[in-house]
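Scroll down for the structure; my scribbles are underneath it.
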Number of protein chains: 2
Amino acid sequence: MATIYDVARLAGVSPATVSRVFNGTTVTPENERVVRDAAARLEFVPNRTARTLRRRNSDIIALVIPDIENPYFTALARGVEDEARAAGYSVVLCNTDGDVTRESDYLEVAVSEHMAGVIIAAASDQSDLSPLLSRQKAVVAVDRVPHGAAIDAVTIDNAVGAELATRLLVERGYERIACIAGPDDVETSVARISGWRDALSRAGLRADHDLLEHADYRVEGGSAAMARLLGRTDPPDAVFVANNLMSVGALRVLRDAGIHPPEIGVASFGALPFSTSAPTGVSMVSLPARELGASAARMLLARIRGDRQAPRTLVLEATAID
Amino acid sequence: MATIYDVARLAGVSPATVSRVFNGTTVTPENERVVRDAAARLEFVPNRTARTLRRRNSDIIALVIPDIENPYFTALARGVEDEARAAGYSVVLCNTDGDVTRESDYLEVAVSEHMAGVIIAAASDQSDLSPLLSRQKAVVAVDRVPHGAAIDAVTIDNAVGAELATRLLVERGYERIACIAGPDDVETSVARISGWRDALSRAGLRADHDLLEHADYRVEGGSAAMARLLGRTDPPDAVFVANNLMSVGALRVLRDAGIHPPEIGVASFGALPFSTSAPTGVSMVSLPARELGASAARMLLARIRGDRQAPRTLVLEATAID
DNA sequence: AGCGTTGCAGAAATCGATTTCAGACGCAAG
DNA sequence: CTTGCGTCTGAAATCGATTTCTGCAACGCT
C-alpha cells in the first residue's frame with residue numbers, strides 16, 4: 001500500500017506537500033498536478049488510521065441500536081444515514097441486541113477509534129454513557145434517553161401516542177382494554193403504559209391490574225403475552241400493544257386461536273411492518289422513525305461542528321393511521 | 001485521555017512494560033499489579049487508532065449490505081455478528097442502498113481503517129472489489145458474488161430454490177405462472193428466472209415472454225410489477241415472486257384489487273417478513289439467512305487467521321415451507 | 001569458577017499521516 | 001538597492017501504541 005512518502009518521492013516533493021494537496025491548503029498548480037499524477041499512478045489511498053491518530057478525530061459516526069431486526073430501527077438508521085452522508089460522514093451501525101455489555105463494548109470502540117460522534121438508542125435505562133461524556137464525545141440519544149443523562153435527545157411522545165392508540169379502541173366501543181407493554185426498565189415502556197392508563201381513565205374505564213402484561217418488545221414476547229391474556233378467566237375484549245413487533249406476535253396468536261380483529265380490538269404502537277393483508281380492526285399509530293434519525297443526525301452534526309448550547313430534547317409526535 | 005505514557009510514569013515503569021501487560025507478554029507479577037493499578041486509577045483505555053497503525057490491522061469486521069430495511073439482510077447480519085463476536089471481533093454494518101458509489105466508499109473506509117476483513121453482499125454484479133483484493137484484505141462474498149471475482153463465497157442455490165417455489169404452484173394446478181424477477185444485472189435474479197423457466201418446462205408449461213416482469217427487489221417494485229401483470233389482456237393465474245419484499249408489494253396490490261390468494265397462486269422466494277395473517281395459498285421457500293451470515297463469518301475468520309486455501313464457495317439450500 | 005541459558009525491562013525505532021516552524025523566493029514600495 | 005510582506009516549501013516534531021534490540025541479572029550446569 002502506497003504511502004504519502006512514496007507519492008512524495010515519485011513526485012519529487014516533500015511528504016508535507018502531498019498532504020497539503022489532499023487537504024486543500026495552498027500549493028502551486030504545477031505541484032498539485034505532479035502530486036495527483038503520482039498518487040494516481042500508485043493508487044494511493046490515504047491511511048485514515050494515521051490521519052485519525054494525528055488529528056484526534058475521524059469522520060465516522062456510530063449509530064448504536066438495540067435491535068437491528070426491528071424495522072423501526074432500520075428506518076431510523078436510514079434517516080441518520082441520509083443526513084450524515086450528505087455532510088460527508090460515513091455511518092457504521094452497531095447492534096447491541098439490547099445487551100448492556102455489548103453496548104459498552106461498542107461505545108468503547110467508538111471512543112478509542114476517535115469516531116466523530118455517536119447516536120444511540122440505548123439498550124436500557126441503565127446504559128452507561130459516561131465513557132463518551134467524560135471524553136466530551138458528541139452524543140445524541142434517540143428514541144430513549146438513559147436515566148439521568150443530560151444530553152441532546154430526539155424522542156417520541158410516548159404517552160400521547162399510547163393514549164391516542166388506546167383512544168382509538170375506546171372509540172370503537174371496546175371496554176376491557178388490556179395492555180401488552182415492554183420491559184419495565186425501559187423508559188419508553190413506562191410512558192406508554194401511562195398513556196394507556198390515561199386513555200382508560202378519561203373514558204371512565206378501569207385499568208385493571210390483570211390487564212397489564214410485560215414483555216420484551218420482540219415478536220415472541222408479544223405472542224406469549226397475548227397467550228397469557230387469552231388464558232385469563234376474564235379475557236379482555238381489546239388490547240393495546242406497545243410496539244410493532246409485539247403486535248405481530250399478538251396477531252399471530254389471535255390468528256392461530258381463530259379470533260379475528262374486529263372480534264377483539266387491537267391497537268399497535270408503531271405501524272405493522274410489511275403488512276400485506278388489511279388488518280381490519282387493527283388500529284395503529286405510526287412513528288416518524290426516519291425523521292427521528294434525521295433529526296438526531298442534524299443535532300449530532302451541529303455538536304461535531306462545535307455547537308456548545310445546553311442539551312436540547314426534541315419530541316416528535318406519533319400520528320394515527322386510519 | 002490517559003495514554004500508555006501516563007500509566008508508565010505513574011507506575012514507575014517504561015511504556016513498553018505497560019504495553020506488555022495489556023498484551024499478555026511476560027511481566028513480573030509485581031509489575032503487572034503496579035501497572036494495572038495505575039491504569040485503573042487513570043481510567044486508561046488503549047488507543048485503538050495507534051495500535052492499528054502500528055499493527056497494521058484492527059479487530060473490526062465490516063459487513064456491507066445493500067438494503068438494511070430488508071429483513072433477509074438483517075437476519076444475515078445477526079448470523080455474522082454471533083460468530084464474529086464469539087471470536088472477539090466487533091462487527092460494523094455498512095448500508096449501501098444498492099448504490100455502487102456508496103459501496104466503494106465503504107470499501108475504501110474498510111481498507112484505510114485496516115479492518116480485519118469484509119463480508120459483502122454486493123450492490124451489483126459490477127461491484128468492484130479490487131481495492132480489497134489488491135491489498136490482500138480478507139473478503140467473503142455472501143448471497144451474491146460480483147462478476148468474475150475469485151473469492152470465498154456463501155450463496156443460496158437460487159435456481160433450485162426458484163424451481164422449488166414454482167413447482168409448488170404447478171402442483172397446485174396453476175398453468176399460467178408469471179415471474180416477478182429482480183434487476184437483470186444481478187446474478188441472483190438471473191438464476192431465479194432460470195429456475196422458474198426450468199420448473200415450467202418440466203411441467204410442460206410455457207414461459208411466455210410476457211409472463212416475465214423485472215423489478216427492483218423492493219416493495220414498491222413488486223407492487224408495480226404485479227399491477228402490470230394484472231393489467232394484461234391475458235393475465236396469469238399465478239405468480240412466482242423472486243424475493244420477499246416484492247412479494248409483500250405484490251400481495252398488497254392483489255389485496256387492493258380484491259383478489260385473494262387461492263384465487264391467484266402466489267409463491268415467494270424467501271419467507272414473508274413478519275406475516276401475521278395466514279397467507280392462505282401463498283407458497284414460500286425459506287432462506288437460511290442467518291446460517292448464510294454465520295458461515296460467511298466462519299470463512300472470513302479462517303482467512304483472517306491465515307488460511308491460504310484456494311477460494312471456496314459454499315452453497316446452501318432453500319427449503320419449502322408448508 | 002566459568003559459561004551458557006533464560007527471563008525480564010528499557011531505549012528507541014516504527015507505523016503514516018498532519019502541522020508547526022523556519023527558510024527561500026518573488027515582488028512591490030521606499 | 002534595500003526592506004518588507006506574502007506565498008510556498010521542506011525538515012522535523014507529533015499523535016500513541018507495538019516491537020526489536022540490547023543489556024542486565026539470576027540461575028543451572030559442568
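Within each chain, counting starts at residue 1; across the C-alpha cells, chains are named A, B, ... in the order shown, with ligands numbered 1 upward in that order.
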
* **chain D contacts to chain B at 12 Å (only C-alpha atoms (C1' of nucleotides)) as a PyMOL selection string** => chain D and resi 15-20

* Contact residues (chain A, partner chain B, 9 Å, only C-alpha atoms) as a ChimeraX atom specification -> /A:1,45-50,52-53,62,68-71,74-75,77-78,81,90-95,105-106,108-109,111-114,135,219,245,247-253,255-256,272-279

Residues at most 7 Å from Ala121 (chain A), counting only C-alpha atoms (C1' of nucleotides), excluding those fewer than 5 positions away in the same chain, as a compact mmCIF listing (two decimals) with N, CA and C atoms, in the first residue's frame?
```txt
# COMPACT_ATOMS: atom_id res chain seq x y z
N VAL A 64 -25.72 3.33 17.31
CA VAL A 64 -25.83 2.15 18.17
C VAL A 64 -27.30 1.86 18.43
N ILE A 65 -27.76 0.71 18.02
CA ILE A 65 -29.18 0.38 18.18
C ILE A 65 -29.36 -0.97 18.85
N PRO A 66 -30.50 -1.17 19.50
CA PRO A 66 -30.70 -2.38 20.29
C PRO A 66 -31.21 -3.56 19.48
N ALA A 141 -28.94 11.05 22.04
CA ALA A 141 -29.78 9.89 22.34
C ALA A 141 -30.98 9.95 21.43
N VAL A 142 -31.41 8.79 20.97
CA VAL A 142 -32.56 8.79 20.09
C VAL A 142 -33.52 7.72 20.56
N ASP A 143 -34.79 8.02 20.50
CA ASP A 143 -35.85 7.10 20.91
C ASP A 143 -35.92 6.94 22.42
N ARG A 144 -34.77 6.73 23.05
CA ARG A 144 -34.75 6.55 24.50
C ARG A 144 -33.60 7.33 25.11
```

* DSSP helix (DSSP H, G or I) residues within region 61-168 of chain A, as a ChimeraX atom specification -> /A:71-86,100-112,130-133,158-168

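Among the candidate residues C:DG30, C:DC25, C:DG10, C:DC3, the one lying nearest to chain B is C:DG10, with distances computed using only C-alpha atoms (C1' of nucleotides).
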